[in-house]
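Peer 1: So that we are looking at the same thing, I have put the structure below in structure tokens.
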Amino acid sequence: MKEYFNNIFTALFTIFVGMKVTFRHLFTPSVTIQYPDVKLPLPERERNRLYVNMDDCIGCDQCARACPVNCIEIETVKAIPGEDLGKTSNGKKKALWVTKFTIDFAKCCYCQLCVFPCPTECIYMTDVYEFSEYERDKLIYNFSTLTEEERLEKIENLRKFNEEKEKLKTQSPKNE
Amino acid sequence: MIYDIIFNSTGSSIIAGLIVAILPLFVFILPFALFAVLLERKIAGHIQDRLGPMRVGYHGLLQTVADIIKLIQKEDIIARSNDKLFFNIAPVLTFVGSYAAFAVIPFSSLFLGAKIDLGIFYIIAVSGLVVVGILMAGWASNNKYSLLGAMRSAAQIVSYEIPTILVVLSFVMLTGTMSLYDLSETQTSYFWNWFILGGPSFSIQKFLLIPFMLISFIIIYISTLAEVNRTPFDIPEAESELVSGYHTEYSGMKFAMFFLAEYANMFAVSAIIVVLFFGGYQSPFGYLGNSLGISWLIPIEQFLWFIFKGIFFVFVQMWLRWTLPRLRVDQLMAASWKYLIPISFFNLLIIGIIALI
């Protein structure tokens, strides 16, 4: 009999205790962050999508070699003597046309190993982390500033230049 | 009464009857369901330190409207092995059961569908129809989870009706009336006339009644909570065990009917508690209409008071839902048969003795 009334008392008492707790939580500020509208500040050394500043890129291929998953593909074409490619922001003279610079973010493991070897600091992490796509091909980002025609033109220019050089080479021993 | 007013202005008893029958649905149940679904989700969110719906309208105010538009668009799926006739009837029957109860609920001294003497008896009788609808839905779905949910629901509603009826019986003994209108009228003017504080007569009887009224309030609150199948007594729906019980197989508007019936039922039982214990539509401290001398303001004030009290108890139901875990089946039965029913019997006896003094 004692247990019976004890049960009733504990049941009612604990219900009121629980209700008190939930009532207090009804008025505590919520922890929700309204994500697309409000974003948490990113940590200081966060690693997200890469960006390549092609104005500074000298086509040295060091980032591609550092990449552990081979997601960076670089193709360069030598500039012929008459062409002026300008200088990078830290004063290095550019000598190569970067005809292809693609990063496949489907493969990228965001290790940041490509960032450190860069002599001109032109490849770096941005704070963009929302770039999902429906097709995997769309994750291959092309950073090269040259169009396909320009690329073919540069290759053709170099080929012609080399041919001329060969011609000169084959002609020159006769002259001697 | 509202029927007489409409009857006098239109002169047709059919039109008056129709309007009186439809009025609570459009004036009250649909807006209430819209509001209560949002309230439930907001309360659930804030109790769990979340925000609840936030995207549709200011702080998600139009969320339920968007949900209803979605439900209307949905395909009405009937599986091949369902019992089509009963499958289609069941949601309607469930809704009719809970809607019919609104016929006798006194929203204010003017807004009362039918002023019948057997008000509370009628509500208890007619809400039994809900069990039929639920059982029918479970059986016609031809799904083991639905049937289990429906059977649990029937067992639960039948066993929890007993304490409810015993408490109501003690009221009938005390006041000698079953009419909800008369019950509200006796608890007039101030809050110390409410039955939770011993009723309108000022005597030794009033003070003797107070503790037993509190006990009967707790009993009827628990048992009506179980009758509307809400947590902690939601074993018929029990998402984690039975998918969602008897309305697993329903989609679109039929599901919406069950949903509407659940929310209408929540308000109906809150309304019973308000009428029995908290003075019905009576204001706890006089009327603005009386002190200003505007008599037409009084029924409107009464309506607002009734809605306020009803929604407060609906709020407590939601509050309990997000506080307590679900009971096991044996605990559920033990709570009813071993605790609520014996206590309400003793309560009935003692209130009977006090009424004799």
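Quick note on naming: the chains in the structure tokens go A, B, ... in the order shown, residues restart at 1 in each chain, and ligands are numbered from 1 in order of appearance.
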Give me the chain A side of the contact with chain B, cut-off 8 Å, one line per residue showing its nearest atom pair and distance in Å at one decimal, counting only C-alpha atoms, sorted by chain and residue number, as CSV.

Peer 2:
residue,atom,partner,partner_atom,distance
A:Ile8,CA,B:Tyr339,CA,7.9
A:Ile15,CA,B:Leu324,CA,7.5
A:Gly18,CA,B:Thr323,CA,6.0
A:Met19,CA,B:Thr323,CA,6.0
A:Thr22,CA,B:Ile47,CA,5.6
A:Phe23,CA,B:Ile47,CA,7.0
A:His25,CA,B:Ile47,CA,5.0
A:Leu26,CA,B:Ile47,CA,4.4
A:Phe27,CA,B:His46,CA,7.2
A:Thr28,CA,B:Asp49,CA,6.8
A:Pro29,CA,B:Asp49,CA,6.7
A:Ser30,CA,B:Asp49,CA,4.3
A:Val31,CA,B:Asp49,CA,6.0
A:Thr32,CA,B:Arg50,CA,5.5

Peer 1: Taking the backbone alone, and naming residues the way the document does, which bits of segment 220-288 of chain B are helix (DSSP H, G or I) by DSSP, as an NGL selection string?

Peer 2: :B and (220-227 or 239-242 or 245-247 or 252-277 or 288)

Peer 1: Would you save the residues from that selection as a PDB file, in the first residue's frame, using C-alpha atoms?

Peer 2:
ATOM      1  CA  ILE B 220      -9.607  13.628 -16.207  1.00  0.00           C
ATOM      2  CA  TYR B 221      -6.653  15.437 -17.721  1.00  0.00           C
ATOM      3  CA  ILE B 222      -4.579  12.262 -17.887  1.00  0.00           C
ATOM      4  CA  SER B 223      -7.400  10.111 -19.190  1.00  0.00           C
ATOM      5  CA  THR B 224      -8.542  12.564 -21.856  1.00  0.00           C
ATOM      6  CA  LEU B 225      -4.931  12.928 -22.931  1.00  0.00           C
ATOM      7  CA  ALA B 226      -4.905   9.170 -23.428  1.00  0.00           C
ATOM      8  CA  GLU B 227      -8.196   9.306 -25.298  1.00  0.00           C
ATOM      9  CA  GLU B 239       6.493   6.367 -34.789  1.00  0.00           C
ATOM     10  CA  SER B 240       9.482   4.402 -33.589  1.00  0.00           C
ATOM     11  CA  GLU B 241       7.640   1.089 -33.371  1.00  0.00           C
ATOM     12  CA  LEU B 242       4.681   1.139 -35.764  1.00  0.00           C
ATOM     13  CA  GLY B 245       0.056   3.322 -36.596  1.00  0.00           C
ATOM     14  CA  TYR B 246      -3.374   3.360 -38.135  1.00  0.00           C
ATOM     15  CA  HIS B 247      -2.638   6.144 -40.632  1.00  0.00           C
ATOM     16  CA  GLY B 252      -2.999  13.285 -49.127  1.00  0.00           C
ATOM     17  CA  MET B 253      -6.327  14.598 -47.929  1.00  0.00           C
ATOM     18  CA  LYS B 254      -7.329  11.423 -46.097  1.00  0.00           C
ATOM     19  CA  PHE B 255      -4.263  11.750 -43.942  1.00  0.00           C
ATOM     20  CA  ALA B 256      -5.162  15.398 -43.461  1.00  0.00           C
ATOM     21  CA  MET B 257      -8.585  14.297 -42.207  1.00  0.00           C
ATOM     22  CA  PHE B 258      -6.985  12.148 -39.493  1.00  0.00           C
ATOM     23  CA  PHE B 259      -4.716  15.009 -38.640  1.00  0.00           C
ATOM     24  CA  LEU B 260      -7.598  17.458 -38.440  1.00  0.00           C
ATOM     25  CA  ALA B 261      -9.564  14.997 -36.311  1.00  0.00           C
ATOM     26  CA  GLU B 262      -6.645  14.682 -33.914  1.00  0.00           C
ATOM     27  CA  TYR B 263      -6.360  18.421 -33.444  1.00  0.00           C
ATOM     28  CA  ALA B 264     -10.120  18.900 -33.238  1.00  0.00           C
ATOM     29  CA  ASN B 265     -10.178  16.180 -30.586  1.00  0.00           C
ATOM     30  CA  MET B 266      -7.417  17.878 -28.644  1.00  0.00           C
ATOM     31  CA  PHE B 267      -9.487  21.008 -28.450  1.00  0.00           C
ATOM     32  CA  ALA B 268     -12.691  19.107 -27.684  1.00  0.00           C
ATOM     33  CA  VAL B 269     -11.212  17.427 -24.599  1.00  0.00           C
ATOM     34  CA  SER B 270      -9.626  20.682 -23.491  1.00  0.00           C
ATOM     35  CA  ALA B 271     -13.042  22.282 -23.884  1.00  0.00           C
ATOM     36  CA  ILE B 272     -14.624  19.606 -21.666  1.00  0.00           C
ATOM     37  CA  ILE B 273     -12.023  20.268 -18.985  1.00  0.00           C
ATOM     38  CA  VAL B 274     -12.542  24.004 -19.283  1.00  0.00           C
ATOM     39  CA  VAL B 275     -16.306  23.671 -18.968  1.00  0.00           C
ATOM     40  CA  LEU B 276     -16.139  21.265 -16.044  1.00  0.00           C
ATOM     41  CA  PHE B 277     -13.420  22.899 -13.966  1.00  0.00           C
ATOM     42  CA  LEU B 288     -15.498  44.807 -20.021  1.00  0.00           C
TER      43      LEU B 288
END

Peer 1: Leaving out segment 61-69 of chain B and any residue of its chain fewer than 3 positions from it, which residues lie within 7 Å of it when counting only C-alpha atoms, given as a list in words?

Peer 2: Leu34, Val37, Leu38, Pro53, Val56, Gly57, Tyr58, Ile72 and Gln73 of chain B

Peer 1: Keeping only C-alpha atoms, take the residues you just selected and write them out as a JSON list (two decimals), in the first residue's frame.

Peer 2:
[["chain", "number", "residue", "atom", "x", "y", "z"],
["B", 34, "LEU", "CA", -3.84, 25.72, -38.79],
["B", 37, "VAL", "CA", -0.06, 22.55, -35.97],
["B", 38, "LEU", "CA", 2.24, 25.55, -36.16],
["B", 53, "PRO", "CA", 9.72, 26.22, -39.06],
["B", 56, "VAL", "CA", 7.58, 30.28, -44.96],
["B", 57, "GLY", "CA", 6.44, 33.73, -43.95],
["B", 58, "TYR", "CA", 7.60, 35.62, -40.88],
["B", 72, "ILE", "CA", -4.11, 18.75, -51.50],
["B", 73, "GLN", "CA", -1.75, 18.21, -54.41]]

Peer 1: Which residues are near segment 149-166 of chain A? Cut-off 8 Å, only C-alpha atoms, ignore same chain within fewer than 5 positions. Put them as a ChimeraX atom specification.

Peer 2: /A:77-80,97,99

Peer 1: For the atom pair atom CA of Lys107 of chain A and atom CA of Val69 of chain A, what is the interatomic distance in Å to one decimal place?

Peer 2: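 Atom-to-atom, atom CA of Lys107 of chain A and atom CA of Val69 of chain A are spaced 6.7 Å apart.
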
Peer 1: Counting only C-alpha atoms, which residue out of A:Cys57, A:Val21, A:Val38, A:Val128 sits closest to Ser89 of chain A?

Peer 2: A:Cys57

Peer 1: How many Å lie between atom CA of Ala95 of chain A and atom CA of Thr126 of chain A, rounded to one decimal?

Peer 2: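 Separation between atom CA of Ala95 of chain A and atom CA of Thr126 of chain A: 27.0 Å.
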
Peer 1: Show me, as an mmCIF file with C-alpha atoms, in the first residue's frame, the residues that have an atom within 12 Å of Lys87 of chain A when counting only C-alpha atoms, minus same-chain residues fewer than 2 positions from it.

Peer 2:
data_model
loop_
_atom_site.group_PDB
_atom_site.id
_atom_site.type_symbol
_atom_site.label_atom_id
_atom_site.label_comp_id
_atom_site.auth_asym_id
_atom_site.auth_seq_id
_atom_site.Cartn_x
_atom_site.Cartn_y
_atom_site.Cartn_z
ATOM 1 C CA MET A 54 46.764 33.226 -63.475
ATOM 2 C CA ASP A 55 48.337 36.693 -63.695
ATOM 3 C CA ASP A 56 51.045 35.487 -61.349
ATOM 4 C CA CYS A 57 51.390 31.892 -62.518
ATOM 5 C CA ILE A 58 54.700 31.164 -64.201
ATOM 6 C CA ASP A 84 56.389 39.598 -73.840
ATOM 7 C CA LEU A 85 54.416 37.820 -71.144
ATOM 8 C CA SER A 89 53.650 40.653 -58.895
ATOM 9 C CA ASN A 90 56.881 39.715 -57.117
ATOM 10 C CA GLY A 91 59.014 40.574 -60.119
ATOM 11 C CA LYS A 92 59.643 37.199 -61.754
ATOM 12 C CA LYS A 93 59.657 37.202 -65.515
ATOM 13 C CA LYS A 94 57.170 34.826 -67.096
ATOM 14 C CA ALA A 95 58.601 32.640 -69.834
ATOM 15 C CA LEU A 96 55.888 30.073 -70.436
ATOM 16 C CA THR A 120 54.765 33.336 -56.725
#

Peer 1: Please provide the set of residues having any atom within 9 Å of Ile215 of chain B, restricted to only C-alpha atoms, with same-chain residues fewer than 5 positions apart removed, written as a PyMOL selection string.

Peer 2: chain B and resi 210+220+343-344+347

Peer 1: If we count only C-alpha atoms, what is near Leu135 of chain B at a cut-off of 8 Å, once residues fewer than 6 positions away on the same chain are taken out, given as an NGL selection string?

Peer 2: :B and (147 or 150-151 or 153-154 or 246)

Peer 1: For the residues in that selection, give me C-alpha atoms as a compact mmCIF listing (two decimals), in the first residue's frame.

Peer 2:
# COMPACT_ATOMS: atom_id res chain seq x y z
CA LEU B 147 -3.76 -3.09 -37.40
CA ALA B 150 -5.59 0.40 -34.31
CA MET B 151 -5.98 -2.44 -31.82
CA SER B 153 -5.83 2.46 -29.82
CA ALA B 154 -9.12 0.69 -29.24
CA TYR B 246 -3.37 3.36 -38.14

Peer 1: Find the distance between atom CA of Leu50 of chain A and atom CA of Glu75 of chain A and write it in Å to one decimal.

Peer 2: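 Between these atoms lies a distance of 18.2 Å.
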